Every structure is written in C-alpha cells, then in structure tokens.
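Take a look at the structure set out below.
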Amino acid sequence: VQLQASGGGLVRAGGSLRLSCAASGRTLLNKYAMGWFRQAPGKEREFVAGVSSGGYRTDYSDSAKGRFTISRDSTGNTVYLQMNSLKPEDTAIYHCAARFEGSLRSSSVYTNEYNYRLWGQGTQVTVSS
C-alpha cells in the first residue's frame, strides 16, 4: 500500500490550501487512523492533525487548531487537510501517514509519528509573506 499526498503549492499568507491523501490500488483508508505531519527545512517532522479510523475523533497541534481541519470522505478513499489562514511558518513538506486499525469504529488518534507504518512521499506547501 502506498499513500499519495497532493494539493500543495505556493500561496500568500492568509490564503488556503486543501491537501489530499489517497491510497494506491483498491485500498480503502476507512480502517486506518490517519495523520498529517510536516517537516520544514532544518527542523524535525512534527504532528499537524490526526483523525480516527471511524472519523469520530480528531486532534490538532496547537499551531493548527482553529485554522486547519482534517476530514475523511464518505467512501473512505481520501483524507483531507483543509488549511486556512496560512502563515509563512506553515511552509514545509506535508506528509500523510496511516496506521491500520482493522476497525471502522476506532476512536484512537495518534500524534506520535512512530505509531504510523505507512507514509506518503509528501507535498510541498510554501506560504509567502
């Protein structure tokens, strides 16, 4: 299973972007807990947002709260990260990650990158001032 992240780009401060994450082939992501992480140049990778496999729970980093929204589509195929009010400090490569839960009803959200086994290649987000 491979994850594909897309939707990054160059945007001015205050703008919005929506990132998408989908799995290759016929794999559905509805039994996976999902997370978005980011890594800026010279910095360690950090948690941004996470959602449980059932979509019942979400969690955000302090920097993302109130500006970003993680969601899943009803088919289970795609996970989104809607990013509003973007700031230059949001500039980073954004990665999606997945952890197989085997259940559609799990309420677990994982903020530690070591809980995830599947990673996408990342999509670049650049926010200009």
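A note on labels: chains of the structure tokens are A, B, ... as shown, every chain counts residues from 1, and ligands are counted from 1 in their shown order.
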
Compile the contact shell of A:Tyr110 as a PyMOL selection string: residues with an atom at most 8 Å away, counting only C-alpha atoms, same-chain residues fewer than 4 positions apart removed.
-> chain A and resi 33-35+50-51+115-116

Within 12 Å of A:Thr126, counting only C-alpha atoms, which residues qualify if same-chain residues fewer than 4 places away don't, as a VMD selection string?
-> chain A and resid 7 to 13 15 to 17 38 to 41 86 to 94

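Between A:Tyr80 and the candidates A:Ser20, A:Ser106, A:Ser52, A:Gln2, the tightest atom-to-atom separation, counting only C-alpha atoms, involves A:Ser20.
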
Please identify the strand (DSSP E or B) residues within stretch 4-71 of chain A (assignment by DSSP from backbone atoms) and present them as a compact mmCIF listing (two decimals) with N, CA, C and O atoms, in the first residue's frame.
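To be explicit, this is the file written out as part35.txt:
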```txt
# COMPACT_ATOMS: atom_id res chain seq x y z
N GLN A 4 -0.50 8.60 -1.37
CA GLN A 4 -0.17 9.68 -2.28
C GLN A 4 -0.76 10.97 -1.75
O GLN A 4 -1.98 11.10 -1.67
N ALA A 5 0.11 11.91 -1.40
CA ALA A 5 -0.35 13.21 -0.94
C ALA A 5 -0.28 14.19 -2.09
O ALA A 5 0.64 14.15 -2.91
N SER A 6 -1.25 15.08 -2.15
CA SER A 6 -1.29 16.08 -3.22
C SER A 6 -1.98 17.33 -2.70
O SER A 6 -2.56 17.34 -1.62
N GLY A 9 1.31 23.64 -2.77
CA GLY A 9 1.59 24.69 -3.73
C GLY A 9 2.10 25.93 -3.05
O GLY A 9 2.45 25.92 -1.87
N LEU A 10 2.14 27.00 -3.83
CA LEU A 10 2.58 28.30 -3.33
C LEU A 10 1.36 29.18 -3.11
O LEU A 10 0.52 29.33 -4.01
N VAL A 11 1.26 29.75 -1.93
CA VAL A 11 0.12 30.59 -1.58
C VAL A 11 0.60 31.76 -0.74
O VAL A 11 1.61 31.64 -0.03
N ARG A 12 -0.12 32.86 -0.80
CA ARG A 12 0.24 34.01 0.03
C ARG A 12 -0.30 33.82 1.44
O ARG A 12 -1.27 33.10 1.67
N LEU A 17 -5.25 26.25 1.34
CA LEU A 17 -4.95 25.10 0.50
C LEU A 17 -5.67 23.89 1.09
O LEU A 17 -5.91 23.83 2.29
N ARG A 18 -5.99 22.95 0.23
CA ARG A 18 -6.54 21.68 0.70
C ARG A 18 -5.66 20.56 0.21
O ARG A 18 -5.50 20.35 -1.00
N LEU A 19 -5.10 19.83 1.14
CA LEU A 19 -4.28 18.68 0.82
C LEU A 19 -5.15 17.43 0.82
O LEU A 19 -6.11 17.31 1.57
N SER A 20 -4.77 16.50 -0.05
CA SER A 20 -5.48 15.23 -0.14
C SER A 20 -4.51 14.08 0.03
O SER A 20 -3.33 14.19 -0.34
N CYS A 21 -5.00 13.00 0.55
CA CYS A 21 -4.19 11.79 0.72
C CYS A 21 -5.04 10.59 0.33
O CYS A 21 -6.13 10.39 0.88
N ALA A 22 -4.55 9.82 -0.61
CA ALA A 22 -5.27 8.64 -1.06
C ALA A 22 -4.30 7.47 -1.11
O ALA A 22 -3.08 7.65 -1.20
N ALA A 23 -4.86 6.28 -1.08
CA ALA A 23 -4.05 5.07 -1.14
C ALA A 23 -4.03 4.51 -2.54
O ALA A 23 -4.96 4.71 -3.32
N TYR A 32 -8.13 2.77 8.67
CA TYR A 32 -6.84 3.29 9.10
C TYR A 32 -7.04 4.59 9.87
O TYR A 32 -7.82 5.44 9.47
N ALA A 33 -6.31 4.73 10.97
CA ALA A 33 -6.17 6.05 11.56
C ALA A 33 -5.19 6.82 10.69
O ALA A 33 -4.20 6.27 10.21
N MET A 34 -5.49 8.09 10.48
CA MET A 34 -4.69 8.89 9.57
C MET A 34 -4.10 10.10 10.27
O MET A 34 -4.70 10.65 11.21
N GLY A 35 -2.96 10.52 9.78
CA GLY A 35 -2.34 11.72 10.34
C GLY A 35 -1.66 12.53 9.26
O GLY A 35 -1.28 12.00 8.21
N TRP A 36 -1.55 13.80 9.53
CA TRP A 36 -0.75 14.70 8.70
C TRP A 36 0.41 15.22 9.55
O TRP A 36 0.20 15.65 10.70
N PHE A 37 1.58 15.16 8.96
CA PHE A 37 2.78 15.66 9.60
C PHE A 37 3.46 16.63 8.63
O PHE A 37 3.20 16.58 7.42
N ARG A 38 4.34 17.44 9.15
CA ARG A 38 5.07 18.34 8.27
C ARG A 38 6.52 18.45 8.73
O ARG A 38 6.83 18.26 9.91
N GLN A 39 7.36 18.76 7.78
CA GLN A 39 8.77 18.94 8.08
C GLN A 39 9.30 20.15 7.32
O GLN A 39 9.29 20.16 6.08
N GLU A 46 6.95 17.16 12.47
CA GLU A 46 6.02 17.41 13.57
C GLU A 46 4.59 17.05 13.18
O GLU A 46 4.20 17.15 12.01
N PHE A 47 3.85 16.67 14.18
CA PHE A 47 2.43 16.34 14.01
C PHE A 47 1.64 17.61 13.70
O PHE A 47 1.87 18.66 14.30
N VAL A 48 0.69 17.47 12.79
CA VAL A 48 -0.19 18.59 12.44
C VAL A 48 -1.65 18.26 12.82
O VAL A 48 -2.29 19.03 13.54
N ALA A 49 -2.13 17.12 12.34
CA ALA A 49 -3.52 16.76 12.59
C ALA A 49 -3.69 15.26 12.44
O ALA A 49 -2.95 14.62 11.70
N GLY A 50 -4.69 14.73 13.15
CA GLY A 50 -4.96 13.30 13.05
C GLY A 50 -6.45 13.03 13.15
O GLY A 50 -7.21 13.84 13.72
N VAL A 51 -6.88 11.92 12.59
CA VAL A 51 -8.28 11.52 12.64
C VAL A 51 -8.35 10.02 12.87
O VAL A 51 -7.53 9.26 12.35
N THR A 58 -10.81 13.74 16.21
CA THR A 58 -9.70 14.42 15.56
C THR A 58 -8.82 15.08 16.62
O THR A 58 -9.26 15.29 17.76
N ASP A 59 -7.62 15.38 16.24
CA ASP A 59 -6.71 16.08 17.14
C ASP A 59 -5.81 16.95 16.29
O ASP A 59 -5.54 16.65 15.12
N TYR A 60 -5.37 18.05 16.88
CA TYR A 60 -4.57 19.02 16.16
C TYR A 60 -3.42 19.51 17.02
O TYR A 60 -3.52 19.56 18.25
N PHE A 68 -6.77 24.69 10.68
CA PHE A 68 -6.75 23.50 9.84
C PHE A 68 -7.87 22.55 10.24
O PHE A 68 -8.24 22.48 11.41
N THR A 69 -8.35 21.80 9.26
CA THR A 69 -9.38 20.80 9.52
C THR A 69 -9.03 19.52 8.78
O THR A 69 -8.83 19.55 7.55
N ILE A 70 -8.97 18.43 9.51
CA ILE A 70 -8.75 17.12 8.90
C ILE A 70 -10.10 16.44 8.75
O ILE A 70 -10.95 16.52 9.64
N SER A 71 -10.29 15.77 7.63
CA SER A 71 -11.57 15.10 7.41
C SER A 71 -11.35 13.91 6.48
O SER A 71 -10.32 13.79 5.83
```

Atom pair atom CA of A:Arg45 / atom CA of A:Ser74: separation (Å) = 28.9 Å

Skipping near chain neighbours, those fewer than 5 positions away, what residues fall within 8 Å of A:Arg67 using only C-alpha atoms, listed as a VMD selection string?
-> chain A and resid 83 to 86

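Checking A:Val79, A:Phe100, A:Val1, A:Trp119 one by one against A:Gly25, counting only C-alpha atoms, you find the shortest gap at A:Val1.
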
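Distance-wise, atom CA of A:Arg105 and atom CA of A:Asn77 end up 16.1 Å apart.
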
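One finds atom CA of A:Gly42 at 23.5 Å from atom CA of A:Arg117.
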
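Residue nearest A:Tyr114, chosen from A:Gly76, A:Val127, A:Ser63, A:Ala97 and counting only C-alpha atoms: A:Ala97.
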
Spatial neighbours of A:Leu104, max dist 8 Å, only C-alpha atoms, sep filter under 6 positions, as a list of chain:residue names = A:Asn30, A:Lys31, A:Ser53, A:Gly54

Take the residues from that selection and put them in a file with N, CA and C atoms, as a short mmCIF file (atom, residue, chain, number, x, y, z; two decimals), in the first residue's frame.
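Contents of part.cif, as written:
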```
data_model
loop_
_atom_site.label_atom_id
_atom_site.label_comp_id
_atom_site.auth_asym_id
_atom_site.auth_seq_id
_atom_site.Cartn_x
_atom_site.Cartn_y
_atom_site.Cartn_z
N ASN A 30 -10.55 3.65 5.22
CA ASN A 30 -11.52 3.84 6.29
C ASN A 30 -11.25 2.98 7.53
N LYS A 31 -10.33 2.01 7.42
CA LYS A 31 -9.95 1.23 8.60
C LYS A 31 -8.58 1.63 9.13
N SER A 53 -9.97 6.15 12.70
CA SER A 53 -10.42 5.40 11.53
C SER A 53 -11.89 5.63 11.25
N GLY A 54 -12.69 5.77 12.31
CA GLY A 54 -14.11 6.00 12.11
C GLY A 54 -14.45 7.44 11.86
#
```
